[in-house]
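*Asks:* Let me give you the structure first, and then I'll get to my questions.
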Amino acid sequence: MSFRDAFALALKEVMRRLGRSVLTLMAVALAACLLTALVLISRTAETEVLRQLAKGGPLASIKVAAAAPDPSQLANDNARPGSPRDLGPQAARAIGQLPDVTSVVPVITSRMIFVPGPSAGRSEPPYFYDTAVGADLRDPSLLPISVLAGRLPAPGSLTEVAVTPGYLERLRLDPTQPEKVVGDGLEMGSPRVFADLEEQTYRALWQRTEIVGVVAQEAAPGGIVTTIEHTRRAQRWSAASDADTGDLELSDSPYTGLVVVTDGLDRIAKVRRQITDIGYSTSAPENLIASVQRYLNVVEIVLTAIGSIALVIACLGITNALLAAVRERRREIGVLKAIGARDRDVLFVFLIEASLLGALGGVLGSLGGWAAASVVGIVVNSYLTAQGLLGVQLGPSWGVLLLGVLGSTLLASVAGAVPALKAARLPAREAVNES
Amino acid sequence: MAAGAPISVQGLTHAFRSGSGSVSALDGVDLEVPAGGYASLIGASGAGKTTLLAILGGLEPPQRGSVVVGDTDLFGLEGDGLARYRRSTVGFVFQHFGLIGTLSALENVELASILTSLPRRARRARTLALLHAVGLGQRTTHKPGELSGGERQRVAIARALANEPRLILADEPTGNLDEASAHGVIELLEQLHAERGCTILVVTHNRAIAGRASQRIALSQGRIVPASNGPSADRESFGLDRRSDGGRSE
């Protein structure tokens with residue numbers, strides 16, 4: 001019997017006992033829905049927690065400081081840096097050529113004076129000192145920066161900046177409404193010390209900018225994020241000071257730091273050792289991430305097990321329904337055998353019937369699970385947004401959906417094996433003469 | 001259409017286990033039906049008719065003796081071998097019709113040939129031709145529940161012929177029919193036998209039907225007996241055997 005004919009026969013039998021089929025299918029669909037939703041939610045939670053740990057950057061990233069390493073700190077996530085050491089393009093290139101390193105993004109920070117423009121609720125704009133963090137923003141996904149509102153400055157721009165929640169706090173703005181600051185003006189002054197025989201004076205190179213976004217960032221200490229071109233220009237201006245008064249934090253290092261992305265979490269320790277050998281201090285949240293990941297994996301296993309148990313129970317419903325069908329269809333099975341069906345033909349028809357219920361239930365359940373997880377995502381997002389936090393992103397995980405469908409189908413086939421074998425082994429004569 | 005298959009049974013003995021002992025169903029049965037023959041098998045309930053039919057039809061392997069149908073020796077055949085024999089050599093007509101309620105008349109008849117390697121188009125053409133041959137060309141899409149008893153048995157006969165069998169085994173084919181329908185069904189079987197030349201063995205309680213066959217075989221307590229010594233001829237017309245043993249196992 002061809003698959004097509006067996007499928008057509010199985011489909012007709014499913015349709016024949018529509019009520020029972022629908023109930024069985026619903027049980028499988030609900031279980032698959034529960035499994036899919038639980039896995040999707042736990043996966044999203046894991047991604048979100050790790051994203052928070054990595055501050056929006058890649059999980060497998062290492063921060064390199066313009067400082068000599070302290071080899072005894074290698075196992076620490078936040079190693080204490082040694083004495084300052086120049087970090088330039090040559091060192092960046094050497095690190096970039098290490099095996100297991102995907103990318104190297106330089107970061108330049110510059111101490112600056114900031115004068116916020118007029119904004120609602122503030123009559124007199126204050127001024128303050130802070131550090132501007134400049135990075136190559138062509139590929140922000142390589143940096144530990146996550147956008148809370150608005151966007152990042154355009155790559156190469158000298159007139160766009162993003163601020164951190166620390167900026168909102170400094171200006172006593174509502175941190176739960178970061179979007180309100182987007183569009184405000186911000187003047188940035190790079191200080192330089194001019195000294196003659198008698199006195200030292202400060203003069204600043206001013207740049208009027210616009211705040212285009214609010215970000216959480218861990219690329220380097222500093223409350224303002226801008227482009228590397230901007231901070232490089234500021235750094236050069238300040239570096240030309242006649243004297244270092246200390247508060248400008250002047251450095252001869254071309255880069256303040258590097259963000260190094262590795263091929264994976266398991267490569268971080270090795271790459272950190274190699275960078276230490278090159279002579280720079282590193283830090284990475286690898287231990288924290290690995291530890292959190294272990295706990296999250298346990299949660300995921302537990303949730304998957306709960307969903308799987310539900311699916312197994314639902315599939316036992318398939319066994320029950322098919323056993324009843326075998327009892328009711330003994331004569332038909334006998335007739336099938338009388339007209340020449342082999343035991344395996346009968347087995348095949350019943351297995352297809354079970355798989356059909358499993359597959360249909362799996363499809364409906366997986367889609368339902370995704371919808372349920374999306375609803376949960378919307379509720380969670382509204383809570384997070386109310387708390388001034390970044391929302392979660394729950395996309396359709398095709399792998400999980402496919403797993404739901406295939407898992408249901410496979411489990412249903414296994415559940416259908418007992419009744420299918422029972423049907424296949426029915427003695428032909430006994431079955432055909434069944435009243 | 002292949003020629004009818006001769007039946008040759010020698011010393012067939014068959015028993016069923018029952019509780020701690022065994023019950024003899026057939027006891028040294030010898031039987032010959034020529035190729036293309038038309039035989040009837042009569043006997044009281046429990047005489048062994050259904051067992052003999054099941055063994056000849058490959059529904060049950062013989063225990064002792066020799067059973068040869070056409071060029072197939074059924075002794076030693078089991079599982080797939082018996083299934084292949086049933087598919088290629090035998091066509092069954094049951095008292096209970098044996099139709100599948102979810103399938104249309106066309107699909108029920110076609111069901112037999114989906115077990116063969118016949119191409120889809122060819123088997124559909126053959127099925128339609130068979131339904132026309134049994135007078136149901138206009139009822140192809142009807143399901144068994146929408147057909148009369150006589151029409152259902154006609155569908156069953158068409159299905160029995162679907163794989164061009166060399167042997168038709170009809171177990172009380174009129175048992176569930178009224179007199180007119182029973183008459184029509186028997187005439188149809190005889191017409192198809194004449195046209196196609198297949199061997200036919202009809203199990204019946206009805207002596208009138210049995211009497212139409214060219215060869216009458218009577219069974220009593222698992223043994224072949226002279227036809228005149230068979231069960232009492234108390235029903236001489238079609239359709240009066242509605243409350244017979246119903247084709248149950250004996």
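Scheme for the structure tokens: letters A, B, ... for chains in order shown; per-chain residue numbers from 1; ligand numbers from 1 in order shown.
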Define the interface residues of chain A facing chain B as those within 9 Å, counting only C-alpha atoms, and report them as number ranges by chain.

*Replies:* A: 1-2, 5, 9, 12-13, 15-16, 331-332, 334-343, 345, 427-430, 432-435

*Asks:* Name the residues of region 1-189 of chain B that fall into strand (DSSP E) according to DSSP on the backbone, using the chain letters and numbers of this document, as a CSV table (one decimal) with all heavy atoms, in the first residue's frame.

*Replies:*
```csv
chain,number,residue,atom,x,y,z
B,7,ILE,N,-9.4,-26.5,-7.0
B,7,ILE,CA,-9.2,-26.6,-5.6
B,7,ILE,C,-8.9,-28.1,-5.3
B,7,ILE,O,-9.7,-29.0,-5.8
B,7,ILE,CB,-10.4,-26.2,-4.8
B,7,ILE,CG1,-10.7,-24.7,-5.0
B,7,ILE,CG2,-10.2,-26.4,-3.3
B,7,ILE,CD1,-12.0,-24.2,-4.4
B,8,SER,N,-7.9,-28.4,-4.6
B,8,SER,CA,-7.6,-29.8,-4.2
B,8,SER,C,-7.3,-29.8,-2.8
B,8,SER,O,-6.3,-29.3,-2.3
B,8,SER,CB,-6.4,-30.3,-5.1
B,8,SER,OG,-6.1,-31.6,-4.7
B,9,VAL,N,-8.1,-30.5,-2.0
B,9,VAL,CA,-7.9,-30.6,-0.6
B,9,VAL,C,-7.8,-32.1,-0.3
B,9,VAL,O,-8.7,-32.9,-0.7
B,9,VAL,CB,-9.1,-30.0,0.2
B,9,VAL,CG1,-8.9,-30.2,1.7
B,9,VAL,CG2,-9.3,-28.5,-0.1
B,10,GLN,N,-6.8,-32.5,0.5
B,10,GLN,CA,-6.6,-33.9,0.8
B,10,GLN,C,-6.3,-34.0,2.3
B,10,GLN,O,-5.4,-33.4,2.8
B,10,GLN,CB,-5.4,-34.5,0.1
B,10,GLN,CG,-5.4,-34.4,-1.4
B,10,GLN,CD,-6.5,-35.3,-2.0
B,10,GLN,OE1,-6.8,-36.4,-1.4
B,10,GLN,NE2,-7.2,-34.9,-3.1
B,11,GLY,N,-7.1,-34.8,3.0
B,11,GLY,CA,-6.9,-35.1,4.4
B,11,GLY,C,-6.8,-33.9,5.3
B,11,GLY,O,-6.0,-33.9,6.2
B,12,LEU,N,-7.6,-32.9,5.0
B,12,LEU,CA,-7.5,-31.6,5.8
B,12,LEU,C,-8.1,-31.8,7.2
B,12,LEU,O,-9.3,-32.1,7.3
B,12,LEU,CB,-8.2,-30.5,5.1
B,12,LEU,CG,-8.2,-29.1,5.8
B,12,LEU,CD1,-6.8,-28.6,6.1
B,12,LEU,CD2,-9.0,-28.1,5.0
B,13,THR,N,-7.3,-31.6,8.2
B,13,THR,CA,-7.7,-31.7,9.6
B,13,THR,C,-7.4,-30.4,10.3
B,13,THR,O,-6.3,-29.9,10.1
B,13,THR,CB,-7.1,-32.9,10.3
B,13,THR,OG1,-7.4,-34.1,9.5
B,13,THR,CG2,-7.5,-33.0,11.7
B,14,HIS,N,-8.3,-29.9,11.0
B,14,HIS,CA,-8.1,-28.6,11.6
B,14,HIS,C,-8.9,-28.6,13.0
B,14,HIS,O,-10.0,-29.1,13.1
B,14,HIS,CB,-8.6,-27.5,10.8
B,14,HIS,CG,-8.0,-26.2,11.0
B,14,HIS,ND1,-6.8,-25.8,10.4
B,14,HIS,CD2,-8.3,-25.1,11.8
B,14,HIS,CE1,-6.5,-24.6,10.8
B,14,HIS,NE2,-7.4,-24.2,11.6
B,15,ALA,N,-8.2,-28.0,14.0
B,15,ALA,CA,-8.9,-28.0,15.3
B,15,ALA,C,-8.6,-26.7,16.0
B,15,ALA,O,-7.6,-26.0,15.6
B,15,ALA,CB,-8.3,-29.1,16.2
B,16,PHE,N,-9.5,-26.3,16.9
B,16,PHE,CA,-9.3,-25.1,17.7
B,16,PHE,C,-9.1,-25.4,19.1
B,16,PHE,O,-9.7,-26.3,19.6
B,16,PHE,CB,-10.5,-24.2,17.5
B,16,PHE,CG,-10.7,-23.7,16.1
B,16,PHE,CD1,-11.8,-24.2,15.4
B,16,PHE,CD2,-9.9,-22.7,15.6
B,16,PHE,CE1,-12.0,-23.8,14.1
B,16,PHE,CE2,-10.1,-22.3,14.3
B,16,PHE,CZ,-11.1,-22.8,13.5
B,17,ARG,N,-8.2,-24.6,19.7
B,17,ARG,CA,-8.0,-24.8,21.2
B,17,ARG,C,-9.3,-24.1,21.9
B,17,ARG,O,-9.7,-23.1,21.5
B,17,ARG,CB,-6.8,-24.1,21.6
B,17,ARG,CG,-5.6,-25.1,21.8
B,17,ARG,CD,-4.4,-24.4,22.2
B,17,ARG,NE,-3.8,-23.6,21.1
B,17,ARG,CZ,-2.7,-22.9,21.2
B,17,ARG,NH1,-2.1,-22.9,22.4
B,17,ARG,NH2,-2.2,-22.2,20.2
B,18,SER,N,-9.7,-24.8,22.8
B,18,SER,CA,-10.9,-24.3,23.6
B,18,SER,C,-10.7,-24.7,25.0
B,18,SER,O,-10.7,-25.9,25.4
B,18,SER,CB,-12.2,-24.9,23.0
B,18,SER,OG,-13.2,-24.6,23.9
B,21,GLY,N,-8.8,-28.1,26.3
B,21,GLY,CA,-8.8,-29.0,25.2
B,21,GLY,C,-8.8,-28.4,23.9
B,21,GLY,O,-8.5,-27.2,23.7
B,22,SER,N,-9.1,-29.2,22.9
B,22,SER,CA,-9.3,-28.7,21.5
B,22,SER,C,-10.5,-29.2,20.9
B,22,SER,O,-11.0,-30.3,21.2
B,22,SER,CB,-8.0,-29.1,20.7
B,22,SER,OG,-8.0,-30.4,20.4
B,23,VAL,N,-11.1,-28.4,20.0
B,23,VAL,CA,-12.3,-28.8,19.3
B,23,VAL,C,-12.0,-29.0,17.8
B,23,VAL,O,-11.4,-28.1,17.2
B,23,VAL,CB,-13.4,-27.7,19.5
B,23,VAL,CG1,-14.7,-28.0,18.7
B,23,VAL,CG2,-13.7,-27.4,20.9
B,24,SER,N,-12.4,-30.2,17.3
B,24,SER,CA,-12.1,-30.5,15.9
B,24,SER,C,-13.1,-29.7,15.1
B,24,SER,O,-14.3,-29.8,15.2
B,24,SER,CB,-12.2,-32.0,15.7
B,24,SER,OG,-12.1,-32.3,14.4
B,25,ALA,N,-12.6,-29.0,14.1
B,25,ALA,CA,-13.5,-28.3,13.2
B,25,ALA,C,-13.6,-29.0,11.8
B,25,ALA,O,-14.6,-29.1,11.2
B,25,ALA,CB,-12.9,-26.9,12.9
B,26,LEU,N,-12.4,-29.6,11.4
B,26,LEU,CA,-12.4,-30.3,10.1
B,26,LEU,C,-11.7,-31.6,10.4
B,26,LEU,O,-10.6,-31.6,11.1
B,26,LEU,CB,-11.7,-29.5,9.0
B,26,LEU,CG,-12.4,-28.2,8.6
B,26,LEU,CD1,-11.5,-27.5,7.6
B,26,LEU,CD2,-13.7,-28.5,7.9
B,27,ASP,N,-12.2,-32.7,9.9
B,27,ASP,CA,-11.6,-34.0,10.2
B,27,ASP,C,-11.4,-34.8,8.9
B,27,ASP,O,-12.3,-35.5,8.4
B,27,ASP,CB,-12.5,-34.7,11.2
B,27,ASP,CG,-12.0,-36.0,11.7
B,27,ASP,OD1,-10.8,-36.3,11.4
B,27,ASP,OD2,-12.7,-36.8,12.3
B,28,GLY,N,-10.2,-34.7,8.4
B,28,GLY,CA,-9.9,-35.5,7.2
B,28,GLY,C,-10.7,-35.1,5.9
B,28,GLY,O,-11.2,-36.0,5.3
B,29,VAL,N,-10.8,-33.9,5.6
B,29,VAL,CA,-11.7,-33.4,4.5
B,29,VAL,C,-10.9,-33.6,3.2
B,29,VAL,O,-9.7,-33.2,3.1
B,29,VAL,CB,-12.1,-32.0,4.7
B,29,VAL,CG1,-12.7,-31.4,3.4
B,29,VAL,CG2,-13.0,-31.8,5.9
B,30,ASP,N,-11.5,-34.3,2.3
B,30,ASP,CA,-11.0,-34.4,0.9
B,30,ASP,C,-12.0,-33.7,0.0
B,30,ASP,O,-13.2,-34.0,0.1
B,30,ASP,CB,-10.9,-35.9,0.5
B,30,ASP,CG,-9.9,-36.7,1.3
B,30,ASP,OD1,-8.9,-36.0,1.7
B,30,ASP,OD2,-10.2,-37.8,1.7
B,31,LEU,N,-11.4,-32.9,-0.9
B,31,LEU,CA,-12.3,-32.1,-1.8
B,31,LEU,C,-11.7,-31.8,-3.1
B,31,LEU,O,-10.5,-31.4,-3.1
B,31,LEU,CB,-12.7,-30.9,-1.0
B,31,LEU,CG,-13.5,-29.7,-1.6
B,31,LEU,CD1,-14.9,-30.2,-2.0
B,31,LEU,CD2,-13.5,-28.5,-0.7
B,32,GLU,N,-12.4,-31.8,-4.2
B,32,GLU,CA,-11.8,-31.4,-5.4
B,32,GLU,C,-12.9,-30.5,-6.1
B,32,GLU,O,-14.0,-30.9,-6.3
B,32,GLU,CB,-11.5,-32.6,-6.4
B,32,GLU,CG,-10.5,-33.6,-5.8
B,32,GLU,CD,-9.1,-33.1,-5.9
B,32,GLU,OE1,-8.8,-32.2,-6.7
B,32,GLU,OE2,-8.2,-33.5,-5.1
B,33,VAL,N,-12.5,-29.4,-6.5
B,33,VAL,CA,-13.4,-28.5,-7.4
B,33,VAL,C,-12.5,-28.2,-8.6
B,33,VAL,O,-11.4,-27.7,-8.5
B,33,VAL,CB,-13.8,-27.2,-6.6
B,33,VAL,CG1,-14.6,-26.3,-7.5
B,33,VAL,CG2,-14.5,-27.5,-5.3
B,38,TYR,N,-18.3,-24.3,-10.2
B,38,TYR,CA,-19.3,-23.6,-9.4
B,38,TYR,C,-19.8,-24.5,-8.4
B,38,TYR,O,-20.6,-25.4,-8.7
B,38,TYR,CB,-20.4,-23.0,-10.3
B,38,TYR,CG,-21.5,-22.3,-9.6
B,38,TYR,CD1,-21.4,-21.9,-8.3
B,38,TYR,CD2,-22.7,-22.1,-10.3
B,38,TYR,CE1,-22.5,-21.2,-7.7
B,38,TYR,CE2,-23.8,-21.5,-9.7
B,38,TYR,CZ,-23.7,-21.0,-8.4
B,38,TYR,OH,-24.7,-20.4,-7.7
B,39,ALA,N,-19.3,-24.4,-7.1
B,39,ALA,CA,-19.7,-25.3,-6.1
B,39,ALA,C,-20.4,-24.6,-4.9
B,39,ALA,O,-20.2,-23.5,-4.7
B,39,ALA,CB,-18.4,-26.0,-5.6
B,40,SER,N,-21.2,-25.4,-4.3
B,40,SER,CA,-21.9,-24.9,-3.1
B,40,SER,C,-21.5,-25.7,-1.9
B,40,SER,O,-21.2,-26.9,-2.1
B,40,SER,CB,-23.4,-24.8,-3.3
B,40,SER,OG,-23.9,-26.1,-3.5
B,41,LEU,N,-21.4,-25.1,-0.8
B,41,LEU,CA,-21.0,-25.8,0.4
B,41,LEU,C,-22.1,-25.6,1.5
B,41,LEU,O,-22.4,-24.5,1.8
B,41,LEU,CB,-19.7,-25.2,1.0
B,41,LEU,CG,-19.1,-25.8,2.2
B,41,LEU,CD1,-18.8,-27.3,2.0
B,41,LEU,CD2,-17.8,-25.1,2.6
B,42,ILE,N,-22.7,-26.7,1.9
B,42,ILE,CA,-23.8,-26.6,2.8
B,42,ILE,C,-23.5,-27.4,4.1
B,42,ILE,O,-22.6,-28.3,4.1
B,42,ILE,CB,-25.2,-27.1,2.2
B,42,ILE,CG1,-25.0,-28.5,1.7
B,42,ILE,CG2,-25.6,-26.1,1.1
B,42,ILE,CD1,-26.3,-29.1,1.2
B,43,GLY,N,-24.2,-27.0,5.1
B,43,GLY,CA,-24.0,-27.8,6.4
B,43,GLY,C,-24.6,-27.0,7.5
B,43,GLY,O,-24.8,-25.8,7.4
B,64,ARG,N,-3.1,-29.6,9.2
B,64,ARG,CA,-2.7,-30.9,8.7
B,64,ARG,C,-3.4,-31.2,7.4
B,64,ARG,O,-4.5,-30.8,7.2
B,64,ARG,CB,-3.0,-32.0,9.7
B,64,ARG,CG,-2.0,-32.2,10.8
B,64,ARG,CD,-2.4,-33.2,11.8
B,64,ARG,NE,-2.6,-34.5,11.2
B,64,ARG,CZ,-3.3,-35.5,11.8
B,64,ARG,NH1,-3.8,-35.2,13.0
B,64,ARG,NH2,-3.5,-36.6,11.2
B,65,GLY,N,-2.7,-31.9,6.5
B,65,GLY,CA,-3.3,-32.2,5.2
B,65,GLY,C,-2.8,-31.4,4.1
B,65,GLY,O,-1.8,-30.6,4.3
B,66,SER,N,-3.3,-31.5,3.0
B,66,SER,CA,-2.8,-30.7,1.8
B,66,SER,C,-4.0,-29.9,1.2
B,66,SER,O,-5.1,-30.3,1.1
B,66,SER,CB,-2.4,-31.7,0.7
B,66,SER,OG,-2.3,-31.1,-0.5
B,67,VAL,N,-3.6,-28.6,1.0
B,67,VAL,CA,-4.6,-27.7,0.4
B,67,VAL,C,-3.9,-27.0,-0.8
B,67,VAL,O,-2.9,-26.2,-0.5
B,67,VAL,CB,-5.1,-26.6,1.4
B,67,VAL,CG1,-6.1,-25.7,0.7
B,67,VAL,CG2,-5.7,-27.3,2.6
B,68,VAL,N,-4.3,-27.3,-2.0
B,68,VAL,CA,-3.7,-26.6,-3.2
B,68,VAL,C,-4.8,-25.9,-3.9
B,68,VAL,O,-5.8,-26.5,-4.3
B,68,VAL,CB,-3.0,-27.6,-4.1
B,68,VAL,CG1,-2.4,-26.9,-5.3
B,68,VAL,CG2,-1.9,-28.4,-3.3
B,69,VAL,N,-4.6,-24.6,-4.1
B,69,VAL,CA,-5.5,-23.8,-4.9
B,69,VAL,C,-4.7,-23.3,-6.1
B,69,VAL,O,-3.8,-22.5,-6.0
B,69,VAL,CB,-6.1,-22.6,-4.1
B,69,VAL,CG1,-7.0,-21.8,-5.0
B,69,VAL,CG2,-6.9,-23.2,-2.9
B,72,THR,N,-0.9,-22.9,-6.0
B,72,THR,CA,-0.4,-22.5,-4.7
B,72,THR,C,-0.7,-23.6,-3.7
B,72,THR,O,-1.9,-23.9,-3.4
B,72,THR,CB,-1.0,-21.2,-4.3
B,72,THR,OG1,-0.8,-20.2,-5.3
B,72,THR,CG2,-0.4,-20.7,-3.0
B,73,ASP,N,0.3,-24.1,-3.1
B,73,ASP,CA,0.1,-25.0,-1.9
B,73,ASP,C,0.1,-24.2,-0.7
B,73,ASP,O,1.0,-23.5,-0.3
B,73,ASP,CB,1.3,-26.0,-1.9
B,73,ASP,CG,1.1,-27.0,-0.8
B,73,ASP,OD1,0.2,-26.9,0.0
B,73,ASP,OD2,1.9,-28.0,-0.8
B,90,VAL,N,-7.7,-14.8,-4.5
B,90,VAL,CA,-9.0,-15.0,-3.9
B,90,VAL,C,-9.8,-13.7,-3.9
B,90,VAL,O,-9.3,-12.6,-3.7
B,90,VAL,CB,-8.9,-15.5,-2.4
B,90,VAL,CG1,-10.2,-15.8,-1.8
B,90,VAL,CG2,-8.0,-16.7,-2.4
B,91,GLY,N,-11.1,-13.8,-4.1
B,91,GLY,CA,-12.0,-12.7,-3.8
B,91,GLY,C,-13.1,-13.1,-2.9
B,91,GLY,O,-13.7,-14.2,-3.0
B,92,PHE,N,-13.3,-12.4,-1.8
B,92,PHE,CA,-14.3,-12.7,-0.8
B,92,PHE,C,-15.6,-12.0,-0.9
B,92,PHE,O,-15.5,-10.8,-1.2
B,92,PHE,CB,-13.7,-12.4,0.6
B,92,PHE,CG,-12.7,-13.4,1.1
B,92,PHE,CD1,-11.4,-13.2,1.0
B,92,PHE,CD2,-13.1,-14.6,1.7
B,92,PHE,CE1,-10.4,-14.1,1.5
B,92,PHE,CE2,-12.2,-15.5,2.2
B,92,PHE,CZ,-10.9,-15.3,2.1
B,93,VAL,N,-16.7,-12.7,-0.7
B,93,VAL,CA,-18.0,-12.0,-0.6
B,93,VAL,C,-18.5,-12.5,0.8
B,93,VAL,O,-18.7,-13.7,1.0
B,93,VAL,CB,-18.9,-12.4,-1.7
B,93,VAL,CG1,-20.3,-11.6,-1.5
B,93,VAL,CG2,-18.3,-12.0,-3.1
B,94,PHE,N,-18.8,-11.5,1.7
B,94,PHE,CA,-19.2,-11.8,3.0
B,94,PHE,C,-20.7,-11.6,3.2
B,94,PHE,O,-21.3,-10.7,2.5
B,94,PHE,CB,-18.5,-11.0,4.1
B,94,PHE,CG,-17.0,-11.1,4.0
B,94,PHE,CD1,-16.2,-10.1,3.5
B,94,PHE,CD2,-16.4,-12.3,4.5
B,94,PHE,CE1,-14.8,-10.3,3.5
B,94,PHE,CE2,-15.0,-12.4,4.5
B,94,PHE,CZ,-14.2,-11.4,4.0
B,167,LEU,N,-10.4,-17.4,-7.8
B,167,LEU,CA,-11.3,-18.1,-6.9
B,167,LEU,C,-12.2,-17.1,-6.1
B,167,LEU,O,-11.6,-16.2,-5.5
B,167,LEU,CB,-10.6,-19.0,-5.9
B,167,LEU,CG,-11.3,-19.6,-4.8
B,167,LEU,CD1,-12.3,-20.6,-5.3
B,167,LEU,CD2,-10.4,-20.3,-3.8
B,168,ILE,N,-13.5,-17.3,-6.2
B,168,ILE,CA,-14.4,-16.4,-5.4
B,168,ILE,C,-15.0,-17.3,-4.3
B,168,ILE,O,-15.6,-18.3,-4.6
B,168,ILE,CB,-15.6,-15.9,-6.3
B,168,ILE,CG1,-15.1,-15.0,-7.4
B,168,ILE,CG2,-16.6,-15.1,-5.4
B,168,ILE,CD1,-14.8,-13.6,-7.1
B,169,LEU,N,-14.8,-16.8,-3.1
B,169,LEU,CA,-15.4,-17.5,-1.9
B,169,LEU,C,-16.5,-16.6,-1.4
B,169,LEU,O,-16.3,-15.5,-0.9
B,169,LEU,CB,-14.3,-17.7,-0.9
B,169,LEU,CG,-13.2,-18.6,-1.3
B,169,LEU,CD1,-12.1,-18.6,-0.3
B,169,LEU,CD2,-13.6,-20.0,-1.6
B,170,ALA,N,-17.7,-17.1,-1.4
B,170,ALA,CA,-18.9,-16.3,-1.0
B,170,ALA,C,-19.5,-17.0,0.3
B,170,ALA,O,-19.9,-18.2,0.2
B,170,ALA,CB,-19.9,-16.2,-2.1
B,171,ASP,N,-19.4,-16.3,1.4
B,171,ASP,CA,-19.8,-16.8,2.7
B,171,ASP,C,-21.2,-16.3,3.0
B,171,ASP,O,-21.4,-15.2,3.4
B,171,ASP,CB,-18.8,-16.5,3.8
B,171,ASP,CG,-19.1,-17.2,5.1
B,171,ASP,OD1,-20.1,-18.0,5.1
B,171,ASP,OD2,-18.5,-16.9,6.1
```

*Asks:* According to DSSP computed on the backbone, where in region 27-178 of chain B is there helix (DSSP H, G or I)? Give the residues as a PyMOL selection string.

*Replies:* chain B and resi 49-56+80-89+105-113+120-133+144-146+149-160

*Asks:* Name the residues in contact with Asp86 (chain A) at a cut-off of 10 Å, using only C-alpha atoms, excluding same-chain residues fewer than 3 positions from it; report them as a ChimeraX atom specification.

*Replies:* /A:65-68,91,251-257,280

*Asks:* With only C-alpha atoms as the counted atoms, please give the residues lying no more than 6 Å from Val261 (chain A), apart from itself and same-chain residues fewer than 2 positions off, as a PyMOL selection string.

*Replies:* chain A and resi 60-61+101-103

*Asks:* Hey, what's within 9 Å of Thr209 (chain A) if we count only C-alpha atoms and toss same-chain stuff fewer than 2 positions away? As a PyMOL selection string, please?

*Replies:* chain A and resi 158-161+184-188+207+211

*Asks:* Near Val299 (chain A), counting only C-alpha atoms, which residues have an atom at most 9 Å away, once you skip same-chain residues fewer than 5 positions from it, shown as number ranges by chain?

*Replies:* A: 42, 294, 304

*Asks:* Those same residues - N, CA and C atoms - I'd like them written as a PDB file, in the first residue's frame.

*Replies:*
```
ATOM      1  N   SER A  42      10.939  30.648  28.338  1.00  0.00           N
ATOM      2  CA  SER A  42      12.205  30.444  29.057  1.00  0.00           C
ATOM      3  C   SER A  42      13.397  30.832  28.190  1.00  0.00           C
ATOM      4  N   ARG A 294      24.024  28.626  33.567  1.00  0.00           N
ATOM      5  CA  ARG A 294      23.769  27.302  34.153  1.00  0.00           C
ATOM      6  C   ARG A 294      22.407  27.269  34.852  1.00  0.00           C
ATOM      7  N   THR A 304      10.682  22.630  30.188  1.00  0.00           N
ATOM      8  CA  THR A 304      10.519  21.717  29.052  1.00  0.00           C
ATOM      9  C   THR A 304       9.975  20.381  29.535  1.00  0.00           C
TER      10      THR A 304
END
```
